[in-house]
>>> print(open('entry.txt').read())   # compact mmCIF, C-alpha atoms
# COMPACT_ATOMS: atom_id res chain seq x y z
CA MET A 1 -98.86 139.88 101.57
CA LEU A 2 -99.39 137.04 99.11
CA ILE A 3 -97.39 135.73 96.17
CA ASP A 4 -98.97 133.96 93.23
CA SER A 5 -96.08 131.56 92.71
CA HIS A 6 -97.35 130.23 89.37
CA CYS A 7 -99.47 131.86 86.68
CA HIS A 8 -99.48 132.38 82.91
CA LEU A 9 -99.90 136.09 82.36
CA ASP A 10 -98.68 135.98 78.76
CA PHE A 11 -101.68 133.89 77.68
CA ASN A 12 -104.25 135.52 75.40
CA ASP A 13 -106.87 135.19 78.14
CA PHE A 14 -105.47 138.33 79.78
CA GLU A 15 -105.00 140.61 76.76
CA GLU A 16 -108.09 142.77 77.13
CA ASP A 17 -107.93 143.70 80.82
CA PHE A 18 -104.34 143.17 81.94
CA GLU A 19 -104.05 146.38 83.96
CA ASP A 20 -107.36 145.66 85.69
CA ILE A 21 -106.07 142.21 86.62
CA LEU A 22 -102.99 143.73 88.23
CA ALA A 23 -105.12 146.27 90.08
CA ARG A 24 -107.32 143.51 91.52
CA ALA A 25 -104.22 141.57 92.54
CA ARG A 26 -102.91 144.61 94.42
CA GLU A 27 -106.28 145.14 96.12
CA ASN A 28 -106.17 141.54 97.35
CA GLY A 29 -102.66 141.84 98.78
CA VAL A 30 -100.79 140.01 96.02
CA THR A 31 -97.32 141.56 96.03
CA ALA A 32 -95.55 139.45 93.40
CA MET A 33 -96.22 136.85 90.72
CA LEU A 34 -94.21 134.27 88.83
CA ASN A 35 -95.11 133.91 85.16
CA ALA A 36 -94.13 130.30 84.45
CA GLY A 37 -92.77 129.13 81.12
CA ASN A 38 -94.60 126.75 78.79
CA ASN A 39 -92.79 127.17 75.52
CA ILE A 40 -89.24 128.45 75.16
CA GLY A 41 -90.26 130.01 71.85
CA GLU A 42 -92.63 132.34 73.70
CA LEU A 43 -90.07 133.51 76.24
CA ASP A 44 -89.69 136.95 74.66
CA ASN A 45 -93.37 137.63 75.30
CA GLN A 46 -92.95 136.62 78.93
CA LEU A 47 -89.93 138.86 79.34
CA LYS A 48 -91.73 141.89 77.93
CA ILE A 49 -94.12 141.59 80.85
CA SER A 50 -91.44 141.01 83.48
CA GLU A 51 -89.30 143.86 82.19
CA LYS A 52 -92.24 146.27 82.41
CA TYR A 53 -93.47 145.20 85.85
CA PRO A 54 -90.82 144.71 88.56
CA PHE A 55 -93.14 142.55 90.70
CA ILE A 56 -93.61 139.93 87.93
CA TYR A 57 -90.86 137.31 87.63
CA THR A 58 -90.60 134.63 84.99
CA ALA A 59 -89.19 131.18 84.30
CA VAL A 60 -87.91 129.52 81.14
CA GLY A 61 -89.15 126.07 80.28
CA VAL A 62 -90.89 123.61 78.00
CA HIS A 63 -94.13 122.12 79.30
CA PRO A 64 -94.51 118.35 78.71
CA HIS A 65 -97.45 119.11 76.40
CA ASN A 66 -95.01 121.01 74.15
CA ALA A 67 -92.06 118.61 74.42
CA ALA A 68 -92.64 117.18 70.94
CA GLU A 69 -91.94 120.63 69.49
CA TYR A 70 -88.45 120.59 71.05
CA PRO A 71 -87.15 117.01 70.81
CA ASN A 72 -83.54 118.20 70.47
CA VAL A 73 -83.55 120.94 73.10
CA LYS A 74 -80.50 120.94 75.35
CA ALA A 75 -79.77 122.13 78.85
CA GLU A 76 -77.57 124.84 77.33
CA ASP A 77 -80.61 126.40 75.64
CA PHE A 78 -82.23 127.01 79.02
CA ILE A 79 -78.97 128.00 80.68
CA GLU A 80 -78.31 130.70 78.08
CA LYS A 81 -81.80 132.18 78.47
CA SER A 82 -81.68 132.04 82.27
CA ALA A 83 -78.96 134.67 82.44
CA HIS A 84 -81.68 137.34 82.18
CA LYS A 85 -82.13 139.06 85.54
CA LYS A 86 -85.90 138.44 85.69
CA ILE A 87 -85.68 134.68 85.00
CA VAL A 88 -85.71 133.05 88.42
CA GLY A 89 -86.54 129.41 87.67
CA ILE A 90 -86.48 126.58 85.14
CA GLY A 91 -89.85 125.27 83.95
CA GLU A 92 -92.55 124.46 84.09
CA CYS A 93 -91.41 121.06 82.98
CA GLY A 94 -92.08 117.43 83.76
CA LEU A 95 -94.35 114.62 82.66
CA ASP A 96 -98.02 114.51 81.73
CA TYR A 97 -99.32 111.05 80.85
CA TYR A 98 -102.96 112.08 81.27
CA TYR A 99 -103.20 114.03 78.03
CA ASP A 100 -100.09 112.49 76.47
CA TYR A 101 -99.80 115.28 73.91
CA SER A 102 -96.12 114.43 73.46
CA PRO A 103 -94.60 110.92 73.35
CA LYS A 104 -93.47 109.74 76.77
CA ASP A 105 -89.86 109.22 75.74
CA ILE A 106 -89.65 112.78 74.38
CA GLN A 107 -91.28 114.16 77.54
CA GLN A 108 -88.67 112.37 79.64
CA LYS A 109 -85.77 113.54 77.48
CA VAL A 110 -86.86 117.20 77.56
CA PHE A 111 -87.53 116.96 81.31
CA ILE A 112 -84.03 115.66 81.97
CA GLU A 113 -82.45 118.49 79.98
CA GLN A 114 -84.28 121.00 82.15
CA ILE A 115 -83.16 119.21 85.29
CA LYS A 116 -79.58 119.55 84.02
CA ALA A 117 -80.17 123.26 83.52
CA ALA A 118 -81.39 123.59 87.10
CA GLN A 119 -78.37 121.68 88.35
CA GLN A 120 -75.93 123.87 86.44
CA THR A 121 -77.54 127.25 87.11
CA GLY A 122 -78.68 126.71 90.68
CA LEU A 123 -82.15 127.94 89.71
CA PRO A 124 -85.07 125.95 91.10
CA LEU A 125 -87.03 123.54 88.94
CA ILE A 126 -90.79 124.02 88.52
CA ILE A 127 -92.37 120.62 87.98
CA HIS A 128 -95.66 119.65 86.36
CA THR A 129 -96.63 116.02 86.83
CA ARG A 130 -99.90 114.26 86.07
CA ASP A 131 -100.55 110.52 86.03
CA ALA A 132 -96.78 110.04 86.04
CA ASP A 133 -95.77 109.77 89.69
CA ASP A 134 -93.51 106.73 89.38
CA ASP A 135 -91.52 108.08 86.43
CA THR A 136 -91.33 111.53 87.99
CA ILE A 137 -89.93 110.07 91.20
CA SER A 138 -87.52 107.83 89.31
CA ILE A 139 -86.13 110.59 87.10
CA LEU A 140 -85.86 113.15 89.89
CA GLY A 141 -84.29 110.61 92.23
CA ASP A 142 -81.67 109.46 89.72
CA CYS A 143 -80.72 113.03 88.81
CA TYR A 144 -80.71 114.26 92.40
CA LYS A 145 -78.27 111.52 93.43
CA LYS A 146 -75.78 112.81 90.86
CA THR A 147 -76.15 116.52 91.63
CA PRO A 148 -78.69 117.89 94.13
CA PHE A 149 -80.94 120.73 92.99
CA ALA A 150 -83.84 122.76 94.35
CA GLY A 151 -87.40 122.70 93.10
CA GLU A 152 -91.12 122.49 93.65
CA ILE A 153 -94.06 120.38 92.58
CA HIS A 154 -96.41 123.01 91.25
CA CYS A 155 -100.20 122.67 91.39
CA PHE A 156 -99.83 119.54 93.49
CA SER A 157 -102.83 117.25 93.03
CA THR A 158 -101.47 113.75 93.21
CA SER A 159 -100.34 111.12 95.72
CA LYS A 160 -98.89 111.16 99.20
CA LYS A 161 -96.09 109.01 97.78
CA LEU A 162 -94.97 111.86 95.54
CA ALA A 163 -95.41 114.44 98.30
CA ASP A 164 -93.26 112.40 100.68
CA PHE A 165 -90.57 111.94 98.04
CA ALA A 166 -90.53 115.63 97.14
CA LEU A 167 -90.18 116.60 100.79
CA SER A 168 -87.40 114.04 101.26
CA ILE A 169 -85.21 115.89 98.75
CA GLY A 170 -86.07 119.31 100.14
CA PHE A 171 -88.60 120.33 97.51
CA TYR A 172 -91.51 122.68 98.04
CA ILE A 173 -95.14 121.82 97.27
CA SER A 174 -97.56 124.35 95.85
CA ALA A 175 -101.30 124.47 96.47
CA SER A 176 -103.68 125.63 93.74
CA GLY A 177 -107.42 126.16 93.63
CA ILE A 178 -107.84 122.40 93.40
CA ILE A 179 -107.64 122.17 97.20
CA THR A 180 -110.93 124.08 97.41
CA PHE A 181 -112.84 121.68 95.14
CA ASN A 182 -115.48 119.43 96.69
CA ARG A 183 -113.84 116.28 95.33
CA SER A 184 -110.46 117.09 96.85
CA ALA A 185 -110.89 115.81 100.40
CA GLU A 186 -107.98 113.37 100.07
CA LEU A 187 -105.74 116.09 98.67
CA ARG A 188 -106.61 118.39 101.57
CA GLU A 189 -105.53 115.68 104.00
CA ILE A 190 -102.13 115.51 102.29
CA PHE A 191 -101.74 119.27 102.60
CA ARG A 192 -102.57 119.11 106.31
CA GLU A 193 -99.37 117.10 106.77
CA ILE A 194 -97.02 119.16 104.59
CA PRO A 195 -94.68 121.27 106.76
CA LEU A 196 -95.39 124.98 106.72
CA ASP A 197 -91.86 125.79 105.61
CA ARG A 198 -92.38 123.81 102.39
CA LEU A 199 -95.67 125.35 101.21
CA LEU A 200 -96.39 127.71 98.32
CA VAL A 201 -99.67 129.02 96.92
CA GLU A 202 -100.56 129.67 93.29
CA THR A 203 -103.39 130.18 90.84
CA ASP A 204 -102.05 128.45 87.70
CA SER A 205 -104.24 131.08 86.08
CA PRO A 206 -106.04 131.28 83.73
CA PHE A 207 -106.87 127.71 84.79
CA LEU A 208 -108.38 126.15 87.93
CA ALA A 209 -110.26 129.04 89.51
CA PRO A 210 -110.97 128.17 93.17
CA ILE A 211 -114.33 127.91 94.84
CA PRO A 212 -116.31 130.22 95.08
CA LEU A 213 -115.20 131.36 91.60
CA ARG A 214 -114.90 127.98 89.89
CA GLY A 215 -115.83 128.10 86.23
CA ARG A 216 -114.50 131.61 85.71
CA ARG A 217 -111.19 132.62 84.19
CA ASN A 218 -108.67 132.41 86.99
CA GLU A 219 -106.38 135.35 87.79
CA PRO A 220 -103.73 136.21 90.43
CA SER A 221 -106.16 137.98 92.79
CA PHE A 222 -108.00 134.68 93.26
CA VAL A 223 -105.00 133.18 95.06
CA VAL A 224 -106.49 134.62 98.24
CA HIS A 225 -109.17 131.90 98.24
CA THR A 226 -106.60 129.12 98.00
CA ALA A 227 -104.56 130.72 100.77
CA GLU A 228 -107.63 131.01 102.98
CA LYS A 229 -108.39 127.31 102.52
CA LEU A 230 -104.78 126.38 103.22
CA ALA A 231 -104.73 128.50 106.39
CA GLN A 232 -107.90 126.72 107.50
CA LEU A 233 -106.30 123.32 106.87
CA LYS A 234 -103.19 124.30 108.82
CA ASP A 235 -105.28 125.92 111.57
CA ILE A 236 -103.34 129.17 111.51
CA PRO A 237 -104.38 132.78 110.84
CA PHE A 238 -104.57 133.79 107.20
CA GLU A 239 -101.99 136.53 107.71
CA LYS A 240 -99.48 134.03 109.08
CA LEU A 241 -100.04 131.66 106.15
CA ALA A 242 -99.58 134.53 103.69
CA GLN A 243 -96.31 135.58 105.34
CA ILE A 244 -94.95 132.04 105.52
CA THR A 245 -95.70 131.17 101.89
CA SER A 246 -94.24 134.49 100.73
CA ASP A 247 -91.06 133.87 102.72
CA ASN A 248 -90.91 130.37 101.26
CA PHE A 249 -91.17 131.78 97.75
CA TYR A 250 -88.16 134.03 98.22
CA ARG A 251 -86.24 131.26 99.92
CA LEU A 252 -86.77 128.96 96.94
CA PHE A 253 -86.51 131.56 94.18
CA ARG A 254 -83.42 133.21 95.56
CA LYS A 255 -82.77 135.22 92.41
CA ALA A 256 -86.06 137.06 92.90
CA SER A 257 -85.84 140.36 94.75
CA ASP A 258 -88.63 141.26 97.13
CA LYS A 259 -87.99 144.97 96.48
CA GLY A 260 -90.19 144.96 93.41
CA ARG A 261 -93.34 144.08 95.28
CA TYR A 262 -93.66 147.56 96.71
CA GLU A 263 -93.52 149.29 93.34
CA TYR A 264 -97.10 148.97 92.09
>>> encode(input="entry.txt", output="structure tokens")
Amino acid sequence: MLIDSHCHLDFNDFEEDFEDILARARENGVTAMLNAGNNIGELDNQLKISEKYPFIYTAVGVHPHNAAEYPNVKAEDFIEKSAHKKIVGIGECGLDYYYDYSPKDIQQKVFIEQIKAAQQTGLPLIIHTRDADDDTISILGDCYKKTPFAGEIHCFSTSKKLADFALSIGFYISASGIITFNRSAELREIFREIPLDRLLVETDSPFLAPIPLRGRRNEPSFVVHTAEKLAQLKDIPFEKLAQITSDNFYRLFRKASDKGRYEY
């Protein structure tokens, strides 16, 4: 049993062979997937998938790359959408100063509105952060002091400082294919120290295919390679790692039902 805790199944990359992708996921023991949000305007497309397939959940959010398209978005916009039974989280959202596709002040404003939505709904926050550790920590810390909320740092690839902070407020940390890359020795050392009960695994597909498939379009079945590497780092059997990360997923995304995973 594995759960791909973060993918983008509504992207055009998957149009031509979607059913084959799901079949390969099943063959590799992937029992559920979370189709993360990037653009609130595309939510209907995400929901069409989740409504058709009971084992695919979704989240509503605005990615920092798209924040400039929604400078006036409010927490209420996410709260209203999140009433749908298949929406189990808020995001992905956060800060990305590496590409800087949206102005930093707009990124921060849109991020804070999504934090408010997580606080008011009780749904966990799915956070993207790149080259923005200090501001991410500052914003999360200030908001958490006012009203605690649950969440995860998805596709974690940054500093021990951020990992320690996230763990200190009870957040989960998700491993992607990046942990398999040759250049990721320092990142692997961070993951060695993350408690088992705070780990998730993901593909972030169609991006970041793990070794030995790097360079290809990523897909949910490939999460097995990330899980194998993580099990190796934690020095535990693969099956135990798969069970733990799946249990962690349902503990964090409490609105998700594990009944759906047996229906495909």
>>> closest_residue(input="entry.txt", among="A:Tyr97, A:Phe111, A:Phe238, A:Tyr172", to="Leu252 in chain A", atoms="only C-alpha atoms")
A:Tyr172
>>> residues_near_point(input="entry.txt", point="(-82.0, 113.2, 89.0)", cutoff="12 Å", atoms="all atoms listed in the file", output="list of chain:residue names")
A:Gln108, A:Phe111, A:Ile112, A:Glu113, A:Gln114, A:Ile115, A:Lys116, A:Ala117, A:Ala118, A:Gln119, A:Leu125, A:Asp135, A:Thr136, A:Ile137, A:Ser138, A:Ile139, A:Leu140, A:Gly141, A:Asp142, A:Cys143, A:Tyr144, A:Lys145, A:Lys146, A:Thr147, A:Pro148, A:Phe149, A:Ala150, A:Gly151, A:Ile169
>>> closest_residue(input="entry.txt", among="A:Lys234, A:Arg254, A:His63, A:Lys160", to="Ser102 in chain A", atoms="all atoms listed in the file")
A:His63
>>> closest_residue(input="entry.txt", among="A:Cys93, A:Val30, A:Ala36, A:Ala75", to="Phe11 in chain A", atoms="only C-alpha atoms")
A:Ala36
>>> closest_residue(input="entry.txt", among="A:Ile236, A:Ala59, A:Val201, A:Ile153", to="Phe222 in chain A", atoms="only C-alpha atoms")
A:Val201
>>> closest_residue(input="entry.txt", among="A:Asp164, A:Glu219, A:Glu19, A:Asp197", to="Ile244 in chain A", atoms="all atoms listed in the file")
A:Asp197
>>> closest_residue(input="entry.txt", among="A:Arg188, A:Lys86, A:His8, A:His154", to="His128 in chain A", atoms="only C-alpha atoms")
A:His154
>>> atom_distance(input="entry.txt", atom1="CA of Asp4 in chain A", atom2="CA of His84 in chain A")
20.8 Å
>>> decode(input="entry.txt", residues="range 60-198 of chain A", atoms="C-alpha atoms", output="PDB file, in the first residue's frame")
ATOM      1  CA  VAL A  60      -8.118  23.771  -3.623  1.00  0.00           C
ATOM      2  CA  GLY A  61      -5.378  26.352  -3.834  1.00  0.00           C
ATOM      3  CA  VAL A  62      -3.389  28.979  -5.673  1.00  0.00           C
ATOM      4  CA  HIS A  63       0.262  28.168  -6.329  1.00  0.00           C
ATOM      5  CA  PRO A  64       2.688  31.063  -5.707  1.00  0.00           C
ATOM      6  CA  HIS A  65       3.494  31.072  -9.428  1.00  0.00           C
ATOM      7  CA  ASN A  66      -0.165  31.951 -10.077  1.00  0.00           C
ATOM      8  CA  ALA A  67      -0.644  34.394  -7.197  1.00  0.00           C
ATOM      9  CA  ALA A  68      -0.523  37.442  -9.485  1.00  0.00           C
ATOM     10  CA  GLU A  69      -3.665  36.170 -11.216  1.00  0.00           C
ATOM     11  CA  TYR A  70      -5.564  36.305  -7.900  1.00  0.00           C
ATOM     12  CA  PRO A  71      -4.323  39.386  -6.021  1.00  0.00           C
ATOM     13  CA  ASN A  72      -7.708  39.913  -4.359  1.00  0.00           C
ATOM     14  CA  VAL A  73      -8.539  36.311  -3.486  1.00  0.00           C
ATOM     15  CA  LYS A  74      -9.909  35.843   0.017  1.00  0.00           C
ATOM     16  CA  ALA A  75      -9.989  33.005   2.494  1.00  0.00           C
ATOM     17  CA  GLU A  76     -13.741  32.775   1.921  1.00  0.00           C
ATOM     18  CA  ASP A  77     -13.152  31.797  -1.717  1.00  0.00           C
ATOM     19  CA  PHE A  78     -11.254  28.696  -0.620  1.00  0.00           C
ATOM     20  CA  ILE A  79     -13.605  27.975   2.269  1.00  0.00           C
ATOM     21  CA  GLU A  80     -16.642  27.953  -0.028  1.00  0.00           C
ATOM     22  CA  LYS A  81     -14.984  25.553  -2.483  1.00  0.00           C
ATOM     23  CA  SER A  82     -13.687  23.271   0.262  1.00  0.00           C
ATOM     24  CA  ALA A  83     -17.189  22.177   1.221  1.00  0.00           C
ATOM     25  CA  HIS A  84     -17.035  19.604  -1.600  1.00  0.00           C
ATOM     26  CA  LYS A  85     -16.661  16.117  -0.151  1.00  0.00           C
ATOM     27  CA  LYS A  86     -13.576  15.256  -2.233  1.00  0.00           C
ATOM     28  CA  ILE A  87     -11.606  18.400  -1.296  1.00  0.00           C
ATOM     29  CA  VAL A  88      -9.409  17.349   1.608  1.00  0.00           C
ATOM     30  CA  GLY A  89      -6.803  20.120   1.806  1.00  0.00           C
ATOM     31  CA  ILE A  90      -5.929  23.746   1.053  1.00  0.00           C
ATOM     32  CA  GLY A  91      -3.145  24.343  -1.468  1.00  0.00           C
ATOM     33  CA  GLU A  92      -0.698  23.973  -2.815  1.00  0.00           C
ATOM     34  CA  CYS A  93       0.256  27.430  -1.699  1.00  0.00           C
ATOM     35  CA  GLY A  94       3.268  29.255  -0.349  1.00  0.00           C
ATOM     36  CA  LEU A  95       6.253  31.209  -1.596  1.00  0.00           C
ATOM     37  CA  ASP A  96       8.582  30.723  -4.539  1.00  0.00           C
ATOM     38  CA  TYR A  97      11.362  33.291  -4.794  1.00  0.00           C
ATOM     39  CA  TYR A  98      13.419  31.145  -7.177  1.00  0.00           C
ATOM     40  CA  TYR A  99      11.269  31.768 -10.237  1.00  0.00           C
ATOM     41  CA  ASP A 100       9.521  34.831  -8.808  1.00  0.00           C
ATOM     42  CA  TYR A 101       6.696  34.601 -11.346  1.00  0.00           C
ATOM     43  CA  SER A 102       4.492  36.651  -9.019  1.00  0.00           C
ATOM     44  CA  PRO A 103       5.586  39.664  -6.934  1.00  0.00           C
ATOM     45  CA  LYS A 104       6.691  38.671  -3.453  1.00  0.00           C
ATOM     46  CA  ASP A 105       4.128  40.841  -1.687  1.00  0.00           C
ATOM     47  CA  ILE A 106       1.298  39.276  -3.702  1.00  0.00           C
ATOM     48  CA  GLN A 107       2.641  35.780  -3.028  1.00  0.00           C
ATOM     49  CA  GLN A 108       2.639  36.522   0.695  1.00  0.00           C
ATOM     50  CA  LYS A 109      -0.857  38.000   0.651  1.00  0.00           C
ATOM     51  CA  VAL A 110      -2.353  35.040  -1.234  1.00  0.00           C
ATOM     52  CA  PHE A 111      -0.462  32.602   1.017  1.00  0.00           C
ATOM     53  CA  ILE A 112      -1.886  34.203   4.151  1.00  0.00           C
ATOM     54  CA  GLU A 113      -5.443  33.986   2.803  1.00  0.00           C
ATOM     55  CA  GLN A 114      -4.993  30.259   2.284  1.00  0.00           C
ATOM     56  CA  ILE A 115      -3.599  29.868   5.784  1.00  0.00           C
ATOM     57  CA  LYS A 116      -6.755  31.580   7.071  1.00  0.00           C
ATOM     58  CA  ALA A 117      -8.831  29.104   5.080  1.00  0.00           C
ATOM     59  CA  ALA A 118      -6.972  26.206   6.671  1.00  0.00           C
ATOM     60  CA  GLN A 119      -7.477  27.706  10.110  1.00  0.00           C
ATOM     61  CA  GLN A 120     -11.207  28.166   9.595  1.00  0.00           C
ATOM     62  CA  THR A 121     -11.965  24.853   7.883  1.00  0.00           C
ATOM     63  CA  GLY A 122      -9.611  22.592   9.808  1.00  0.00           C
ATOM     64  CA  LEU A 123      -8.278  21.246   6.506  1.00  0.00           C
ATOM     65  CA  PRO A 124      -4.508  20.829   6.288  1.00  0.00           C
ATOM     66  CA  LEU A 125      -2.351  23.276   4.371  1.00  0.00           C
ATOM     67  CA  ILE A 126      -0.158  22.010   1.515  1.00  0.00           C
ATOM     68  CA  ILE A 127       2.898  24.241   1.298  1.00  0.00           C
ATOM     69  CA  HIS A 128       5.270  24.910  -1.585  1.00  0.00           C
ATOM     70  CA  THR A 129       8.384  26.846  -0.648  1.00  0.00           C
ATOM     71  CA  ARG A 130      11.525  27.529  -2.655  1.00  0.00           C
ATOM     72  CA  ASP A 131      14.308  29.975  -1.817  1.00  0.00           C
ATOM     73  CA  ALA A 132      11.968  31.497   0.756  1.00  0.00           C
ATOM     74  CA  ASP A 133      12.667  29.675   4.014  1.00  0.00           C
ATOM     75  CA  ASP A 134      12.871  32.726   6.266  1.00  0.00           C
ATOM     76  CA  ASP A 135       9.635  34.296   5.040  1.00  0.00           C
ATOM     77  CA  THR A 136       7.864  30.935   5.065  1.00  0.00           C
ATOM     78  CA  ILE A 137       8.883  30.359   8.674  1.00  0.00           C
ATOM     79  CA  SER A 138       7.953  33.902   9.663  1.00  0.00           C
ATOM     80  CA  ILE A 139       4.494  33.820   8.079  1.00  0.00           C
ATOM     81  CA  LEU A 140       3.655  30.329   9.315  1.00  0.00           C
ATOM     82  CA  GLY A 141       4.932  31.118  12.790  1.00  0.00           C
ATOM     83  CA  ASP A 142       2.961  34.354  13.120  1.00  0.00           C
ATOM     84  CA  CYS A 143      -0.251  32.733  11.885  1.00  0.00           C
ATOM     85  CA  TYR A 144       0.188  29.585  13.952  1.00  0.00           C
ATOM     86  CA  LYS A 145       0.536  31.623  17.151  1.00  0.00           C
ATOM     87  CA  LYS A 146      -2.891  33.150  16.511  1.00  0.00           C
ATOM     88  CA  THR A 147      -4.691  29.937  15.544  1.00  0.00           C
ATOM     89  CA  PRO A 148      -2.918  26.569  15.193  1.00  0.00           C
ATOM     90  CA  PHE A 149      -3.496  24.593  12.005  1.00  0.00           C
ATOM     91  CA  ALA A 150      -2.275  21.379  10.410  1.00  0.00           C
ATOM     92  CA  GLY A 151      -0.158  21.087   7.297  1.00  0.00           C
ATOM     93  CA  GLU A 152       2.766  19.710   5.378  1.00  0.00           C
ATOM     94  CA  ILE A 153       5.793  20.934   3.490  1.00  0.00           C
ATOM     95  CA  HIS A 154       5.352  19.190   0.176  1.00  0.00           C
ATOM     96  CA  CYS A 155       8.270  18.138  -2.030  1.00  0.00           C
ATOM     97  CA  PHE A 156      10.682  19.108   0.726  1.00  0.00           C
ATOM     98  CA  SER A 157      14.069  20.055  -0.725  1.00  0.00           C
ATOM     99  CA  THR A 158      15.365  22.833   1.458  1.00  0.00           C
ATOM    100  CA  SER A 159      17.065  23.434   4.813  1.00  0.00           C
ATOM    101  CA  LYS A 160      17.200  21.647   8.135  1.00  0.00           C
ATOM    102  CA  LYS A 161      16.094  24.950   9.663  1.00  0.00           C
ATOM    103  CA  LEU A 162      12.767  24.737   7.858  1.00  0.00           C
ATOM    104  CA  ALA A 163      12.399  21.025   8.606  1.00  0.00           C
ATOM    105  CA  ASP A 164      12.965  21.620  12.316  1.00  0.00           C
ATOM    106  CA  PHE A 165      10.475  24.479  12.353  1.00  0.00           C
ATOM    107  CA  ALA A 166       7.835  22.474  10.506  1.00  0.00           C
ATOM    108  CA  LEU A 167       8.211  19.582  12.923  1.00  0.00           C
ATOM    109  CA  SER A 168       8.028  21.956  15.892  1.00  0.00           C
ATOM    110  CA  ILE A 169       4.480  22.961  14.914  1.00  0.00           C
ATOM    111  CA  GLY A 170       3.412  19.401  14.172  1.00  0.00           C
ATOM    112  CA  PHE A 171       3.658  19.562  10.387  1.00  0.00           C
ATOM    113  CA  TYR A 172       4.412  16.647   8.100  1.00  0.00           C
ATOM    114  CA  ILE A 173       7.235  16.592   5.550  1.00  0.00           C
ATOM    115  CA  SER A 174       6.880  14.950   2.167  1.00  0.00           C
ATOM    116  CA  ALA A 175       9.639  13.281   0.173  1.00  0.00           C
ATOM    117  CA  SER A 176       9.654  13.459  -3.628  1.00  0.00           C
ATOM    118  CA  GLY A 177      11.918  11.967  -6.260  1.00  0.00           C
ATOM    119  CA  ILE A 178      14.496  14.617  -5.409  1.00  0.00           C
ATOM    120  CA  ILE A 179      15.775  12.424  -2.577  1.00  0.00           C
ATOM    121  CA  THR A 180      16.970   9.902  -5.180  1.00  0.00           C
ATOM    122  CA  PHE A 181      19.044  12.431  -7.145  1.00  0.00           C
ATOM    123  CA  ASN A 182      22.833  12.182  -6.992  1.00  0.00           C
ATOM    124  CA  ARG A 183      23.189  15.769  -5.815  1.00  0.00           C
ATOM    125  CA  SER A 184      20.818  15.310  -2.884  1.00  0.00           C
ATOM    126  CA  ALA A 185      23.128  13.807  -0.266  1.00  0.00           C
ATOM    127  CA  GLU A 186      22.503  16.654   2.189  1.00  0.00           C
ATOM    128  CA  LEU A 187      18.751  16.351   1.723  1.00  0.00           C
ATOM    129  CA  ARG A 188      18.907  12.612   2.389  1.00  0.00           C
ATOM    130  CA  GLU A 189      20.662  13.303   5.688  1.00  0.00           C
ATOM    131  CA  ILE A 190      17.802  15.588   6.723  1.00  0.00           C
ATOM    132  CA  PHE A 191      15.278  12.882   5.907  1.00  0.00           C
ATOM    133  CA  ARG A 192      17.220  10.367   7.994  1.00  0.00           C
ATOM    134  CA  GLU A 193      16.385  12.495  11.039  1.00  0.00           C
ATOM    135  CA  ILE A 194      12.704  13.195  10.323  1.00  0.00           C
ATOM    136  CA  PRO A 195      10.476  11.061  12.592  1.00  0.00           C
ATOM    137  CA  LEU A 196       8.635   8.263  10.848  1.00  0.00           C
ATOM    138  CA  ASP A 197       5.273   9.532  12.057  1.00  0.00           C
ATOM    139  CA  ARG A 198       5.789  12.805  10.176  1.00  0.00           C
TER     140      ARG A 198
END
